[in-house]
Protein chains: 2
Amino acid sequence: MTTILRADRMLTPSGEVANAELEIDDRGRIAYAGPARVESVVTHDLAGHALMPGLVNGHTHSAMTLQRAVSDDEGFMPWLAAVQAVEQGLTRDDVVAGLELAMLEMIANGTTAFADMYHWDEGLLETVQRAGMRVLAAPAMFTHEAVGFPGVSPLNGAQTLDYTEQLAERFEGDEQIKLAYGPHAPYTCSPELLREISERSQRTGIKIHIHVAESVAEVEQITEQYGNTPAKHLDAFGFFEADVLAAHCVHLTEEEIEIYARTGTAASHNPVSNLKLGCGVAKLPEMLEAGVRLTLGTDSVASNNSLDLFEEIKLATILHRGVRHDAAAVKAADVIDIATRRGAEAIGFPEAGALEVGRLADIIALDLSTTRATPMGSLVSHIAFSASGEDVRHVFIGGRHVYAAGQHLTLDAADILARAAASAARLRG
Amino acid sequence: MTTILRADRMLTPSGEVANAELEIDDRGRIAYAGPARVESVVTHDLAGHALMPGLVNGHTHSAMTLQRAVSDDEGFMPWLAAVQAVEQGLTRDDVVAGLELAMLEMIANGTTAFADMYHWDEGLLETVQRAGMRVLAAPAMFTHEAVGFPGVSPLNGAQTLDYTEQLAERFEGDEQIKLAYGPHAPYTCSPELLREISERSQRTGIKIHIHVAESVAEVEQITEQYGNTPAKHLDAFGFFEADVLAAHCVHLTEEEIEIYARTGTAASHNPVSNLKLGCGVAKLPEMLEAGVRLTLGTDSVASNNSLDLFEEIKLATILHRGVRHDAAAVKAADVIDIATRRGAEAIGFPEAGALEVGRLADIIALDLSTTRATPMGSLVSHIAFSASGEDVRHVFIGGRHVYAAGQHLTLDAADILARAAASAARLRG
């Protein structure tokens, strides 16, 4: 049984298609993407909508929805301390509620896959499976801090490494769930731990997800401690020989951008979070120019405070133009590509991210009956500058309909909102 | 007959009120704003909502909704030429449709008053009256270009001055409609015309709405032509002795910021437009510090491409933090105050803009049942960082209910969308 969608417009790698049709086969793959065919039996008539690939959140800590607005006016290091203080009382149930709350918001805003660093275990990953999303999950690790919940033996860095590999084995071949090693950052993980992780990663093929060069404070601390800026420090012991997703990268030097390009290191651009915490403005145009692999991310809601990638797309497109007085600094089409195809590739789902035959059917439908879509230029312009997460009316992931006409089909919204509110009240009360 | 609203939270000048009540008298003024009173007969039970003042768009060209996405990747001067090319075929019916389309979008996003520079006449102003909004309308004027439509005698600069005064007289005392002189910019209006406008303004009390120091190109052109940067050029012949609303002001020097503070000139901060067109980042922290009167604006959708002031509030709060590496650079509460109370004052509605007794009852209600509001910190944090225009469910202007549970009560959305789409198709076809 195949699924056939019809819509007014569709964004494909070879351009925009009007009066479009998309067929999904019974393995959840795209079997056709092109102009409407006369003989088709349409299963979902999405007249008045546009189809585009599901959005890929290239860096977040999804369960931190519970820390929304915990610290709104502080710089990076005091903010981090405030967030970690709230986490002192965190239970596993809280993490479940926070993760499900994040998935409610991500799906409703058209996000179909995300790269996450936080507490992860088998049950949490099964929660993502049931919701229908894709995740690159990195259990967070620190050198001097064990990670776990009350009533559970916390794991230290080396134990988390082993545990990450066990989870990777458990979900081997799963099309929704991928694991990554999650060393937090160069300033919270020792060179020894980081070197071991990189070596293991090169053996196992498990990616690494880490924060790099996020704040001026980090750059100063690492430079003082090791005599190198963060990315050079990591490169000095071969860290980037592994497949690394490095979040933020606000303060890379030109030389470090070249290191990323040479080693195939992916940088996740998180403009809202970087501005809000006073971290700075990453060199996106230089990274694009150098051919660095890129993703677009919201970071957690504790520093955003929402999970709407349409907002990040618009900001990533316009921010660098303004800062450089150059309206050609960043093209909307490039940013959309980063938020879909390139992001999917960088976080371990290279078969998702675009509407073309053979790819995984991760598809969202945008309502075009809004004032924001009247009049419309190109679909690229609409997505980058006018559309909002609220315009998302349908979400398919691997062909599975998870959000229909604005209603969640895999998550119980009322129940999740109540549990998340109760968890947050206890943690913050 | 009074109207009494009850809501979970309310933003007032003296802080946030929980379990709140607001009473509107039969003149459309706020008669009470505080904690719920036991004896009240509630007319609108807005449980699950927060009340805040209606947002004030401090600079736009609303009818330019028809030019949405006309030029998305060009710098300021080529963009302006592309927009003006589309306007060659503009008829009065087009302007009506574009204005109504903008009001649909503004009201739905919680905007209750706006400062506008474009084509204006009595009928267009009556269209705003019927929609229920407040406008400071500035008929645009240029020195070397007459303004008008096919079949109507176009008006030159001096004629537009007279016409603006006639309209001001026609709407004298109106609580919704105010007029401003609308000289376009220092690079399109001669010093002679600008001097005359300032002198007339000082006599008549009619405000002036103008663009100043928007782009690097403008600064270079004015400096070359007159030997001064734009604001100094204007100040040199006493322009700012009048009550001036100056849009953008991206490239003010410290000395020019002092001129604004000394003369009581209001600057309209339009961060999305300034970034998108590659114009730059205005010195908002310095303007705040110097005590410059401020408004927040979207500019037209031709350079935005939407009309959602929640987006501008978030960006204005975080942008300067990131650019300066200082999370304390701009406070959320200040930006919300600019987008409401200070904005209302600067565009000629000093009795609107805040929920306190005696003020005009311009009120919006935000849905708090969303994931974005779960969990919530302060209402200020929610408004600045999490909320979106889509959260607006009710809008009252002067006590008149113009938007109820997401439905327009004063505008026929389907009819307007159809007319605007037809106008845009003809103009751009």
# chains A, B, ... in the order shown; residues from 1 in each chain; ligands from 1

call {"tool": "interface_residues", "arguments": {"of": "chain B", "to": "chain A", "cutoff": "7 Å", "atoms": "only C-alpha atoms", "output": "PDB file with N, CA and C atoms, in the first residue's frame"}}
result
ATOM      1  N   LEU B  66       2.045  43.686  -0.629  1.00  0.00           N
ATOM      2  CA  LEU B  66       1.970  43.226  -2.022  1.00  0.00           C
ATOM      3  C   LEU B  66       3.352  43.002  -2.622  1.00  0.00           C
ATOM      4  N   ARG B  68       5.857  41.549  -0.942  1.00  0.00           N
ATOM      5  CA  ARG B  68       6.539  40.504  -0.174  1.00  0.00           C
ATOM      6  C   ARG B  68       7.393  39.667  -1.127  1.00  0.00           C
ATOM      7  N   ALA B  69       8.687  39.521  -0.787  1.00  0.00           N
ATOM      8  CA  ALA B  69       9.589  38.630  -1.530  1.00  0.00           C
ATOM      9  C   ALA B  69       9.891  39.111  -2.952  1.00  0.00           C
ATOM     10  N   VAL B  70       9.698  40.406  -3.207  1.00  0.00           N
ATOM     11  CA  VAL B  70      10.018  40.920  -4.546  1.00  0.00           C
ATOM     12  C   VAL B  70      11.528  40.878  -4.802  1.00  0.00           C
ATOM     13  N   ASP B  73      17.568  39.114  -1.997  1.00  0.00           N
ATOM     14  CA  ASP B  73      19.007  38.896  -1.827  1.00  0.00           C
ATOM     15  C   ASP B  73      19.843  40.076  -2.291  1.00  0.00           C
ATOM     16  N   GLU B  74      19.215  41.257  -2.374  1.00  0.00           N
ATOM     17  CA  GLU B  74      19.950  42.423  -2.861  1.00  0.00           C
ATOM     18  C   GLU B  74      20.194  43.409  -1.729  1.00  0.00           C
ATOM     19  N   GLY B  75      21.239  44.195  -1.864  1.00  0.00           N
ATOM     20  CA  GLY B  75      21.525  45.255  -0.914  1.00  0.00           C
ATOM     21  C   GLY B  75      20.525  46.394  -1.038  1.00  0.00           C
ATOM     22  N   LEU B 101      -4.599  43.604   3.923  1.00  0.00           N
ATOM     23  CA  LEU B 101      -3.829  42.384   4.155  1.00  0.00           C
ATOM     24  C   LEU B 101      -2.869  42.586   5.337  1.00  0.00           C
ATOM     25  N   GLU B 105      -2.758  40.679   9.144  1.00  0.00           N
ATOM     26  CA  GLU B 105      -1.565  40.053   9.729  1.00  0.00           C
ATOM     27  C   GLU B 105      -1.167  40.748  11.032  1.00  0.00           C
ATOM     28  N   ASN B 274      16.937  45.635   8.871  1.00  0.00           N
ATOM     29  CA  ASN B 274      18.315  46.131   8.794  1.00  0.00           C
ATOM     30  C   ASN B 274      19.298  45.002   8.537  1.00  0.00           C
ATOM     31  N   LEU B 275      19.043  43.826   9.124  1.00  0.00           N
ATOM     32  CA  LEU B 275      19.914  42.681   8.857  1.00  0.00           C
ATOM     33  C   LEU B 275      19.685  42.158   7.449  1.00  0.00           C
ATOM     34  N   LYS B 276      18.414  41.970   7.080  1.00  0.00           N
ATOM     35  CA  LYS B 276      18.114  41.317   5.801  1.00  0.00           C
ATOM     36  C   LYS B 276      18.683  42.090   4.620  1.00  0.00           C
ATOM     37  N   LEU B 277      18.586  43.427   4.671  1.00  0.00           N
ATOM     38  CA  LEU B 277      19.084  44.243   3.557  1.00  0.00           C
ATOM     39  C   LEU B 277      20.582  44.519   3.668  1.00  0.00           C
ATOM     40  N   GLY B 278      21.236  43.928   4.671  1.00  0.00           N
ATOM     41  CA  GLY B 278      22.674  44.148   4.835  1.00  0.00           C
ATOM     42  C   GLY B 278      23.004  45.551   5.302  1.00  0.00           C
ATOM     43  N   CYS B 279      22.028  46.245   5.934  1.00  0.00           N
ATOM     44  CA  CYS B 279      22.256  47.636   6.335  1.00  0.00           C
ATOM     45  C   CYS B 279      23.160  47.737   7.546  1.00  0.00           C
ATOM     46  N   GLY B 280      22.980  46.832   8.523  1.00  0.00           N
ATOM     47  CA  GLY B 280      23.832  46.881   9.706  1.00  0.00           C
ATOM     48  C   GLY B 280      23.053  46.693  10.994  1.00  0.00           C
ATOM     49  N   VAL B 281      23.713  46.981  12.099  1.00  0.00           N
ATOM     50  CA  VAL B 281      23.146  46.800  13.439  1.00  0.00           C
ATOM     51  C   VAL B 281      23.144  48.153  14.139  1.00  0.00           C
ATOM     52  N   ASN B 304      11.281  42.027   5.162  1.00  0.00           N
ATOM     53  CA  ASN B 304      11.177  41.438   6.512  1.00  0.00           C
ATOM     54  C   ASN B 304      11.057  39.919   6.528  1.00  0.00           C
ATOM     55  N   ASN B 305      10.185  39.189   6.023  1.00  0.00           N
ATOM     56  CA  ASN B 305       9.029  39.389   5.183  1.00  0.00           C
ATOM     57  C   ASN B 305       7.729  39.055   5.898  1.00  0.00           C
ATOM     58  N   SER B 306       7.624  39.476   7.151  1.00  0.00           N
ATOM     59  CA  SER B 306       6.381  39.241   7.879  1.00  0.00           C
ATOM     60  C   SER B 306       6.135  40.425   8.799  1.00  0.00           C
ATOM     61  N   ILE B 318      18.170  39.992  21.789  1.00  0.00           N
ATOM     62  CA  ILE B 318      19.349  39.111  21.754  1.00  0.00           C
ATOM     63  C   ILE B 318      20.459  39.604  20.825  1.00  0.00           C
ATOM     64  N   LEU B 319      20.095  40.346  19.776  1.00  0.00           N
ATOM     65  CA  LEU B 319      21.081  40.715  18.747  1.00  0.00           C
ATOM     66  C   LEU B 319      22.280  41.458  19.330  1.00  0.00           C
ATOM     67  N   ARG B 321      23.288  41.669  22.381  1.00  0.00           N
ATOM     68  CA  ARG B 321      24.052  40.827  23.315  1.00  0.00           C
ATOM     69  C   ARG B 321      25.120  40.040  22.570  1.00  0.00           C
ATOM     70  N   GLY B 322      24.723  39.446  21.455  1.00  0.00           N
ATOM     71  CA  GLY B 322      25.659  38.604  20.709  1.00  0.00           C
ATOM     72  C   GLY B 322      26.752  39.408  20.050  1.00  0.00           C
ATOM     73  N   VAL B 323      26.359  40.509  19.415  1.00  0.00           N
ATOM     74  CA  VAL B 323      27.329  41.313  18.679  1.00  0.00           C
ATOM     75  C   VAL B 323      28.381  41.902  19.615  1.00  0.00           C
ATOM     76  N   HIS B 325      29.119  40.583  22.740  1.00  0.00           N
ATOM     77  CA  HIS B 325      29.588  39.594  23.730  1.00  0.00           C
ATOM     78  C   HIS B 325      29.219  40.032  25.137  1.00  0.00           C
ATOM     79  N   ASP B 326      27.972  40.456  25.306  1.00  0.00           N
ATOM     80  CA  ASP B 326      27.542  40.977  26.604  1.00  0.00           C
ATOM     81  C   ASP B 326      26.059  40.659  26.798  1.00  0.00           C
ATOM     82  N   ALA B 327      25.785  39.636  27.620  1.00  0.00           N
ATOM     83  CA  ALA B 327      24.404  39.199  27.829  1.00  0.00           C
ATOM     84  C   ALA B 327      23.576  40.243  28.572  1.00  0.00           C
ATOM     85  N   ALA B 328      24.225  41.267  29.102  1.00  0.00           N
ATOM     86  CA  ALA B 328      23.489  42.324  29.803  1.00  0.00           C
ATOM     87  C   ALA B 328      23.267  43.548  28.918  1.00  0.00           C
ATOM     88  N   THR B 371       3.106  24.481  24.199  1.00  0.00           N
ATOM     89  CA  THR B 371       4.387  23.957  24.686  1.00  0.00           C
ATOM     90  C   THR B 371       5.333  25.115  25.000  1.00  0.00           C
ATOM     91  N   ARG B 372       5.278  26.169  24.183  1.00  0.00           N
ATOM     92  CA  ARG B 372       6.176  27.312  24.393  1.00  0.00           C
ATOM     93  C   ARG B 372       6.000  27.958  25.757  1.00  0.00           C
ATOM     94  N   THR B 374       5.208  26.202  28.462  1.00  0.00           N
ATOM     95  CA  THR B 374       5.317  25.128  29.453  1.00  0.00           C
ATOM     96  C   THR B 374       6.752  24.647  29.546  1.00  0.00           C
ATOM     97  N   PRO B 375       7.412  24.809  30.685  1.00  0.00           N
ATOM     98  CA  PRO B 375       7.013  25.669  31.800  1.00  0.00           C
ATOM     99  C   PRO B 375       7.277  27.132  31.456  1.00  0.00           C
ATOM    100  N   MET B 376       6.754  28.024  32.271  1.00  0.00           N
ATOM    101  CA  MET B 376       6.946  29.456  32.053  1.00  0.00           C
ATOM    102  C   MET B 376       7.749  30.061  33.187  1.00  0.00           C
ATOM    103  N   GLY B 377       8.607  31.000  32.847  1.00  0.00           N
ATOM    104  CA  GLY B 377       9.206  31.855  33.869  1.00  0.00           C
ATOM    105  C   GLY B 377       8.307  33.074  34.011  1.00  0.00           C
ATOM    106  N   SER B 381       9.766  37.273  30.341  1.00  0.00           N
ATOM    107  CA  SER B 381      10.606  36.283  29.645  1.00  0.00           C
ATOM    108  C   SER B 381       9.811  35.586  28.549  1.00  0.00           C
ATOM    109  N   PHE B 385      11.091  35.920  24.709  1.00  0.00           N
ATOM    110  CA  PHE B 385      11.922  34.834  24.189  1.00  0.00           C
ATOM    111  C   PHE B 385      11.147  33.643  23.638  1.00  0.00           C
ATOM    112  N   SER B 386       9.919  33.431  24.100  1.00  0.00           N
ATOM    113  CA  SER B 386       9.209  32.214  23.708  1.00  0.00           C
ATOM    114  C   SER B 386       7.974  32.471  22.864  1.00  0.00           C
ATOM    115  N   LEU B 417      -7.706  38.324   1.331  1.00  0.00           N
ATOM    116  CA  LEU B 417      -6.657  37.466   0.771  1.00  0.00           C
ATOM    117  C   LEU B 417      -6.817  37.330  -0.746  1.00  0.00           C
ATOM    118  N   ALA B 421      -4.113  38.847  -3.359  1.00  0.00           N
ATOM    119  CA  ALA B 421      -3.427  37.917  -4.262  1.00  0.00           C
ATOM    120  C   ALA B 421      -3.599  38.362  -5.712  1.00  0.00           C
ATOM    121  N   ALA B 424      -1.418  41.490  -6.310  1.00  0.00           N
ATOM    122  CA  ALA B 424       0.003  41.146  -6.371  1.00  0.00           C
ATOM    123  C   ALA B 424       0.324  40.439  -7.678  1.00  0.00           C
TER     124      ALA B 424
END

call {"tool": "select_by_dssp", "arguments": {"residues": "segment 177-269 of chain B", "states": "strand (DSSP E or B)", "output": "JSON list (two decimals) with C-alpha atoms, in the first residue's frame"}}
result
[["chain", "number", "residue", "atom", "x", "y", "z"],
["B", 177, "ILE", "CA", -6.17, 58.30, 13.25],
["B", 178, "LYS", "CA", -3.20, 60.69, 13.46],
["B", 179, "LEU", "CA", -1.32, 62.24, 10.55],
["B", 180, "ALA", "CA", 2.40, 62.86, 10.12],
["B", 181, "TYR", "CA", 4.40, 64.59, 7.42],
["B", 182, "GLY", "CA", 6.24, 61.89, 5.47],
["B", 183, "PRO", "CA", 9.42, 63.18, 3.80],
["B", 207, "LYS", "CA", 4.78, 64.98, 13.69],
["B", 208, "ILE", "CA", 7.32, 64.08, 11.00],
["B", 209, "HIS", "CA", 8.09, 60.47, 9.98],
["B", 210, "ILE", "CA", 11.29, 60.02, 7.94],
["B", 211, "HIS", "CA", 14.02, 57.44, 7.19],
["B", 212, "VAL", "CA", 17.49, 58.40, 8.49],
["B", 244, "VAL", "CA", 10.48, 63.67, 14.50],
["B", 245, "LEU", "CA", 10.13, 59.87, 14.25],
["B", 246, "ALA", "CA", 13.28, 58.73, 12.44],
["B", 247, "ALA", "CA", 13.27, 55.17, 11.16],
["B", 248, "HIS", "CA", 16.29, 52.83, 11.23],
["B", 266, "ALA", "CA", 12.46, 59.27, 18.33],
["B", 267, "ALA", "CA", 14.40, 56.47, 16.62],
["B", 268, "SER", "CA", 12.62, 53.40, 15.27],
["B", 269, "HIS", "CA", 14.68, 50.21, 15.62]]

call {"tool": "residues_around", "arguments": {"residues": "segment 116-132 of chain B", "least_positions_apart": "6", "cutoff": "6 Å", "atoms": "only C-alpha atoms", "output": "list in words"}}
result
His59, Thr60, His61, Ala138, Pro139, Ala140 and Thr410 of chain B

call {"tool": "residues_around", "arguments": {"residues": "Asn19 of chain B", "least_positions_apart": "4", "cutoff": "9 Å", "atoms": "only C-alpha atoms", "output": "PyMOL selection string"}}
result
chain B and resi 6-10+34-36+47

call {"tool": "atom_distance", "arguments": {"atom1": "atom CA of Leu193 of chain A", "atom2": "atom CA of Glu165 of chain A"}}
result
15.4 Å

call {"tool": "select_by_dssp", "arguments": {"residues": "segment 123-256 of chain A", "states": "alpha helix (DSSP H)", "output": "PyMOL selection string"}}
result
chain A and resi 123-131+157-170+191-204+216-226+230-236+254-256

call {"tool": "residues_around", "arguments": {"residues": "Gly148 of chain B", "least_positions_apart": "3", "cutoff": "9 Å", "atoms": "only C-alpha atoms", "output": "list in words"}}
result
Thr91, Arg92, His119, Gly151, Val152, Ser153, Pro154, Leu155 and Asn156 of chain B

call {"tool": "write_last_selection", "arguments": {"atoms": "N, CA and C atoms", "output": "compact mmCIF listing (two decimals), in the first residue's frame"}}
result
# COMPACT_ATOMS: atom_id res chain seq x y z
N THR B 91 -2.33 50.73 -8.29
CA THR B 91 -3.57 51.51 -8.28
C THR B 91 -4.05 51.70 -6.84
N ARG B 92 -5.02 52.58 -6.68
CA ARG B 92 -5.55 52.81 -5.33
C ARG B 92 -6.17 51.53 -4.76
N HIS B 119 1.25 55.73 0.53
CA HIS B 119 0.12 56.48 -0.02
C HIS B 119 -1.00 56.50 1.01
N GLY B 151 -4.88 58.00 -13.18
CA GLY B 151 -6.22 58.58 -13.18
C GLY B 151 -6.42 59.63 -12.11
N VAL B 152 -5.41 59.81 -11.26
CA VAL B 152 -5.48 60.83 -10.21
C VAL B 152 -4.29 61.76 -10.42
N SER B 153 -4.48 63.07 -10.23
CA SER B 153 -3.35 63.98 -10.38
C SER B 153 -2.35 63.71 -9.28
N PRO B 154 -1.12 63.35 -9.65
CA PRO B 154 -0.13 63.11 -8.60
C PRO B 154 0.23 64.41 -7.90
N LEU B 155 0.59 64.30 -6.62
CA LEU B 155 0.95 65.47 -5.84
C LEU B 155 2.46 65.57 -5.71
N ASN B 156 3.00 66.78 -5.86
CA ASN B 156 4.42 66.96 -5.58
C ASN B 156 4.63 67.19 -4.09

call {"tool": "atom_distance", "arguments": {"atom1": "atom CA of Leu99 of chain B", "atom2": "atom CA of Met64 of chain B"}}
result
7.6 Å

call {"tool": "residues_around", "arguments": {"residues": "Val219 of chain A", "least_positions_apart": "4", "cutoff": "8 Å", "atoms": "only C-alpha atoms", "output": "PyMOL selection string"}}
result
chain A and resi 213-215+223+229-230+251
